[in-house]
Each structure stands twice: as structure tokens, then as C-alpha cells.
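Structure first, commentary second.
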Amino acid sequence: MTNLLTITSQPEASVIALNEIQKIIPAARGKRLTPEVQLVSHADQLNLAAAQTIFIRHTFPVQLEADLSEANLATRLAELCEGFAKTEPFSIQLRGPAVPLLKETEAELLSRGCTKNDAQPTWVLSMLACQDRLYAGASYAAENLSNWNGGMMRLKKDENFISRAEFKLQEALAVFAINLNGGKALDLGAAPGGWTKILLSQGMNVTAVDPAALSERLLRHKNLTHIQAAAQKLNLPPGFDLITNDMRMDLFESSRIMLDMAHLLRPGGLAVMTLKLPAKHWQKNTASALSLLEKSYTVQGARQLFHNRSEVTVALRKNGKLQYNAD
């Protein structure tokens, strides 16, 4: 049987996402199921979690393909899960109009003694209903690249919401498993203050840098220092635990600024930045920018996240090298 899997990406990155797989398995072929989802064939024994892909947001193996009208689908879906221990919590993730089937399958799994935990599942039964067809597979959550259905991390605005940039940093911290617990942060290009707000909420002392003003909601925070200047003109002492950068500028100029700022980080310090992608050649330009950053940092991870638009979010640690080759 031909091995199949689904991959999810931004619609504009679908060709790049498939190319990331074809670099590993040249025979892989993709079929568009929705603007964001492709069905990939000939993907034998492919572990995307270990492949350091950037533009693929979510994946799951397709072990069952059937018409939604077929009988006994819930039983067949439950049988896909027989290899997992009943004590390991599961979740069912559905995309598409098949809620009755989801509920029936969930009841079947529970009747077999399985344990449900949507917040922290060990394994996931993934279901995609598309044009009266069902594509489904069971896998460990860690193999799917994202714990969220389709890689879509849904966040709500709080009463002190400043900008949607908040969601980008919140998602990045979760995806790259960055645990902030106090310390000193330097936020470059901070205005109006979405990332600064998140850092302050994590107990950090934040130096926010931007020629523009910050939101009035932040200005009286006791742990905030606002330097109203361009990042290129900074003259600060070293010792920061984290540098963040969501500046709206060319990805290479932004990367060079991060190299200039590396001396401000303590040994082993972290950085999170977004690479603003040009109109064309996303993959090539991303690879070139990461190669530039590796002069002073180890690339801990790079991913086009759900809350990214024409950009890639990168997690860095001061010093070291990790290769990503777009050729």
C-alpha cells in the first residue's frame, strides 16, 4: 500500500511545503485537498518531526480513506487506534463537516476503555472530511508537528489586547517550548507593544526599543523601560536573557541587526525573531537569512506559524550552528 499523509501549510507556501518533502523523498507527489491541505503519496517512513521543515505546519498519516457515507466507519476508525495503550490519553481532531462521525467514534473509543484528554493527548486520531471523502489516521501527537488541529492555534483577545502580534509571540513560545520565568528582555521594534506586553506578563524586565510610542496600557508598568530610538543606535550594557525582534524590515537587514545585538545576550541567551519574507523565493531567502544568523546563533527552530502571514518565526540560542539547506 502506498504510504499517504496530509500536510498543512499556508496556501501561498503549498509548493514550498511539498518541496521540503521532495528534498527527502524525491518521488513524493502532492494532491491539493483544500487551499491549505495536500495529500502526499509515496511518503514512505517519513518523519517530518525530525526533518526540520519550516513551511509545513501540521501533518498526519492517512491510514484510512473512505466515502463518508460508508457503513461502520466509527468502528473502522477505532480499529486504527488499537496499537496505542488505553492508558495513554487521546484526542480526536476533525476538520470538515463530520461532527456526528466524530461523536460516534469518540463513544466507540471510550467504550473500549480509552482515556480522552483534548488538552494534553499522547496520541491523536486525525480526521479530514473533504468533498464527501474521509481521510484519517492515528499517530502520536509529537509526530504531527503541532498539538493543534491543523496547526491552528486559536487564541482569544483579552481585555488589554494591544495587537495581533501578541498571538505570534504566544504561539512561538508554545511551538518552540520556550519557558520564560523572569529575567531581562530586549524587545526591538516594540511599538505598539504586543510582544512587550507578553514578556511583561511572563515576569520579565523589558527594555522596549522603538522610535514610535508604546500603548498607554504599558507605560506605567514597573518592569518596563522604553527607549524611543532606532535599534541601530542602541548603546546598552550586555546581560540580557532574551532578545525579541518583530521589526517590519527586510529579513537580511533584520538578521544583521540581530548579529549586532548578539553581544548583549548572556552566554546561552535566547532570541525570537520574525523574518519578513519578500514577494518571491521564500524558501531560498529564508535559508540565506538563517545561514547569516548562524554566524552568532544556533537555530533552535524555524517555522511559518499559524499566526504568521508572509513571514517565518525563528528561535535562536547564542552561538553554534544548525544547517537548513533549501537547494
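Ordered as shown in the C-alpha cells, chains take letters A, B, and onward, while each chain numbers its residues from 1 and ligands are numbered from 1 in the order shown.
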Go through stretch 134-184 of chain A and flag each residue having an atom no more than 9 Å from stretch 58-68 of chain A; for those, report the closest pair of atoms plus their distance in Å to one decimal, using only C-alpha atoms, ordered by chain and rising number, as CSV.
```
residue,atom,partner,partner_atom,distance
A:Leu134,CA,A:Ala66,CA,5.3
A:Tyr135,CA,A:Glu65,CA,4.7
A:Ala136,CA,A:Leu64,CA,5.2
A:Gly137,CA,A:Val62,CA,4.8
A:Ala138,CA,A:Pro61,CA,7.1
A:Ser139,CA,A:Phe60,CA,7.0
A:Glu143,CA,A:Phe60,CA,7.7
A:Asn144,CA,A:Thr59,CA,4.9
A:Leu145,CA,A:His58,CA,5.2
A:Ser146,CA,A:His58,CA,5.7
A:Asn147,CA,A:His58,CA,8.6
A:Trp148,CA,A:His58,CA,8.3
A:Asn149,CA,A:His58,CA,8.0
A:Gly150,CA,A:His58,CA,5.5
A:Gly151,CA,A:His58,CA,5.0
A:Met152,CA,A:His58,CA,8.6
```
Saved selection, atoms kept: C-alpha atoms, as a PDB file, in the first residue's frame:
```pdb
ATOM      1  CA  LEU A 134     -12.788  10.979   4.779  1.00  0.00           C
ATOM      2  CA  TYR A 135      -9.022  10.880   5.339  1.00  0.00           C
ATOM      3  CA  ALA A 136      -7.982   9.623   8.762  1.00  0.00           C
ATOM      4  CA  GLY A 137      -5.021   8.332  10.722  1.00  0.00           C
ATOM      5  CA  ALA A 138      -3.839   7.749  14.284  1.00  0.00           C
ATOM      6  CA  SER A 139      -0.419   8.951  15.432  1.00  0.00           C
ATOM      7  CA  GLU A 143       4.703  13.271  15.222  1.00  0.00           C
ATOM      8  CA  ASN A 144       2.114  15.743  13.920  1.00  0.00           C
ATOM      9  CA  LEU A 145       4.366  18.840  14.212  1.00  0.00           C
ATOM     10  CA  SER A 146       1.645  20.643  16.153  1.00  0.00           C
ATOM     11  CA  ASN A 147      -0.694  19.750  19.009  1.00  0.00           C
ATOM     12  CA  TRP A 148      -3.396  21.945  17.474  1.00  0.00           C
ATOM     13  CA  ASN A 149      -5.836  20.731  14.878  1.00  0.00           C
ATOM     14  CA  GLY A 150      -4.339  21.565  11.506  1.00  0.00           C
ATOM     15  CA  GLY A 151      -1.628  23.509  13.322  1.00  0.00           C
ATOM     16  CA  MET A 152      -4.180  26.250  14.027  1.00  0.00           C
TER      17      MET A 152
END
```
If DSSP is run on the backbone, what residues of stretch 13-173 of chain A are alpha helix (DSSP H)? A reply as a compact mmCIF listing (two decimals) with C-alpha atoms, in the first residue's frame would be ideal.
```
# COMPACT_ATOMS: atom_id res chain seq x y z
CA SER A 14 1.96 24.88 -0.64
CA VAL A 15 4.58 24.34 -3.37
CA ILE A 16 7.40 25.01 -0.90
CA ALA A 17 5.88 22.65 1.67
CA LEU A 18 5.77 19.82 -0.87
CA ASN A 19 9.31 20.68 -1.96
CA GLU A 20 10.50 20.24 1.63
CA ILE A 21 9.26 16.63 1.47
CA GLN A 22 10.64 16.04 -2.03
CA LEU A 73 -16.83 4.00 9.78
CA ALA A 74 -16.65 4.62 13.54
CA THR A 75 -15.65 1.02 14.13
CA ARG A 76 -13.01 1.15 11.40
CA LEU A 77 -11.65 4.39 12.85
CA ALA A 78 -11.45 2.89 16.32
CA GLU A 79 -9.53 -0.07 14.91
CA VAL A 99 -19.28 16.00 13.66
CA PRO A 100 -21.72 13.06 14.06
CA LEU A 101 -18.96 10.66 12.97
CA LEU A 102 -16.57 12.27 15.46
CA LYS A 103 -19.02 11.81 18.31
CA GLU A 104 -19.75 8.21 17.31
CA THR A 105 -16.04 7.39 17.07
CA GLU A 106 -15.30 9.04 20.40
CA ALA A 107 -18.03 6.98 22.05
CA GLU A 108 -16.59 3.83 20.46
CA LEU A 109 -13.11 4.55 21.79
CA LEU A 110 -14.40 5.35 25.26
CA SER A 111 -16.38 2.11 25.28
CA ALA A 165 1.40 40.45 17.22
CA GLU A 166 0.71 39.13 20.72
CA PHE A 167 -0.63 35.92 19.18
CA LYS A 168 2.55 35.45 17.14
CA LEU A 169 4.79 35.50 20.20
CA GLN A 170 2.43 33.37 22.28
CA GLU A 171 2.37 30.74 19.54
CA ALA A 172 6.15 30.88 19.10
CA LEU A 173 6.78 30.35 22.82
```
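For the choices A:Leu305, A:Ser291, A:Leu259, A:Arg164, the atom-to-atom distance to A:Lys318 is smallest for A:Leu259 when using only C-alpha atoms.
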What's the separation between atom CA of A:Ser69 and atom CA of A:Gly83, in Å to one decimal place?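 These atoms are spaced 26.0 Å apart.
Nearest residue to A:Ile178, choosing from A:Arg317, A:His226, A:His42, A:Arg266 and counting only C-alpha atoms: A:Arg317.
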Would you list the contacts of A:Ile162 as a list in words, taking every protein, DNA or RNA residue within 9 Å and counting only C-alpha atoms, but skipping same-chain residues closer than 4 positions in sequence? Lys157, Glu166, Pro192, Gly193, Gly194, Lys197, Ser215 and Arg217 of chain A
Produce a file of the selected residues containing C-alpha atoms, as a CSV table (one decimal), in the first residue's frame.
```
chain,number,residue,atom,x,y,z
A,157,LYS,CA,-8.1,38.7,22.7
A,166,GLU,CA,0.7,39.1,20.7
A,192,PRO,CA,2.8,49.4,19.8
A,193,GLY,CA,3.8,46.9,22.4
A,194,GLY,CA,2.2,43.5,21.7
A,197,LYS,CA,3.1,43.0,26.9
A,215,SER,CA,0.5,51.7,24.0
A,217,ARG,CA,-1.6,50.5,28.7
```
If we count only C-alpha atoms and set the cut-off at 8 Å, which residues sit around A:Asp250, ignoring sequence neighbours fewer than 6 positions away in its own chain? Please answer as a list in words. Leu275, Lys276, Leu277 and Pro278 of chain A
Can you write out the residues you just picked, keeping N, CA and C atoms, as a PDB file, in the first residue's frame?
```pdb
ATOM      1  N   LEU A 275      11.183  36.707  10.347  1.00  0.00           N
ATOM      2  CA  LEU A 275      11.794  37.051   9.070  1.00  0.00           C
ATOM      3  C   LEU A 275      10.671  37.463   8.120  1.00  0.00           C
ATOM      4  N   LYS A 276      10.634  38.727   7.737  1.00  0.00           N
ATOM      5  CA  LYS A 276       9.611  39.223   6.823  1.00  0.00           C
ATOM      6  C   LYS A 276       9.993  38.812   5.401  1.00  0.00           C
ATOM      7  N   LEU A 277       9.169  37.992   4.785  1.00  0.00           N
ATOM      8  CA  LEU A 277       9.529  37.388   3.505  1.00  0.00           C
ATOM      9  C   LEU A 277       9.207  38.315   2.332  1.00  0.00           C
ATOM     10  N   PRO A 278      10.050  38.295   1.300  1.00  0.00           N
ATOM     11  CA  PRO A 278       9.786  39.114   0.108  1.00  0.00           C
ATOM     12  C   PRO A 278       8.672  38.487  -0.732  1.00  0.00           C
TER      13      PRO A 278
END
```
Under the rule of at most 12 Å, produce a per-residue listing of stretch 212-237 of chain A near stretch 201-204 of chain A: chain, number, name, the closest pair of atoms, and the distance in Å, as JSON lines, using only C-alpha atoms.
```
{"residue": "A:Leu218", "atom": "CA", "partner": "A:Ser201", "partner_atom": "CA", "distance": 10.9}
{"residue": "A:His221", "atom": "CA", "partner": "A:Ser201", "partner_atom": "CA", "distance": 10.4}
{"residue": "A:Lys222", "atom": "CA", "partner": "A:Met204", "partner_atom": "CA", "distance": 10.6}
{"residue": "A:Asn223", "atom": "CA", "partner": "A:Met204", "partner_atom": "CA", "distance": 7.1}
{"residue": "A:Leu224", "atom": "CA", "partner": "A:Met204", "partner_atom": "CA", "distance": 8.8}
{"residue": "A:Thr225", "atom": "CA", "partner": "A:Met204", "partner_atom": "CA", "distance": 11.3}
```
Please write the residues from the selection above to a file, keeping N, CA and C atoms, as a PDB file, in the first residue's frame.
```
ATOM      1  N   LEU A 218       0.780  50.172  28.668  1.00  0.00           N
ATOM      2  CA  LEU A 218       2.037  49.607  29.156  1.00  0.00           C
ATOM      3  C   LEU A 218       2.905  50.601  29.916  1.00  0.00           C
ATOM      4  N   HIS A 221       3.975  50.400  33.619  1.00  0.00           N
ATOM      5  CA  HIS A 221       4.405  49.110  34.189  1.00  0.00           C
ATOM      6  C   HIS A 221       5.784  49.270  34.832  1.00  0.00           C
ATOM      7  N   LYS A 222       5.914  48.785  36.043  1.00  0.00           N
ATOM      8  CA  LYS A 222       7.149  48.996  36.809  1.00  0.00           C
ATOM      9  C   LYS A 222       8.360  48.292  36.201  1.00  0.00           C
ATOM     10  N   ASN A 223       8.133  47.254  35.384  1.00  0.00           N
ATOM     11  CA  ASN A 223       9.252  46.490  34.814  1.00  0.00           C
ATOM     12  C   ASN A 223       9.588  46.891  33.377  1.00  0.00           C
ATOM     13  N   LEU A 224       9.065  48.039  32.935  1.00  0.00           N
ATOM     14  CA  LEU A 224       9.257  48.475  31.555  1.00  0.00           C
ATOM     15  C   LEU A 224      10.180  49.684  31.478  1.00  0.00           C
ATOM     16  N   THR A 225      11.149  49.597  30.546  1.00  0.00           N
ATOM     17  CA  THR A 225      11.954  50.748  30.149  1.00  0.00           C
ATOM     18  C   THR A 225      11.760  50.951  28.659  1.00  0.00           C
TER      19      THR A 225
END
```
Mind checking which residues fall within 9 Å of stretch 119-123 of chain A, counting only C-alpha atoms, ignoring those fewer than 3 positions away in the same chain, and posting them as a list of chain:residue names? A:Cys81, A:Phe84, A:Glu88, A:Pro89, A:Phe90, A:Ser91, A:Ile92, A:Lys116, A:Ala138, A:Ser139, A:Tyr140, A:Ala141, A:Ala142, A:Asn147
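Counting only C-alpha atoms, the residue from A:Ala271, A:Ile56, A:Leu219, A:Ala289 that sits nearest to A:Phe240 is A:Ala271.
Shortest separation to A:Thr244 among A:Asp210, A:Glu294, A:Asp44, A:Asp187 occurs at residue A:Asp187, atoms counted being only C-alpha atoms.
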Identify all residues of stretch 223-318 of chain A in strand (DSSP E or B) (DSSP on the backbone) and supply them as number ranges by chain. A: 224-227, 240-245, 265-276, 297-303, 311-318
Residue with the minimum atom-to-atom distance to A:Met258, picked from A:Gln300, A:His307, A:Ala315, A:Pro237 with only C-alpha atoms counted, is A:Ala315
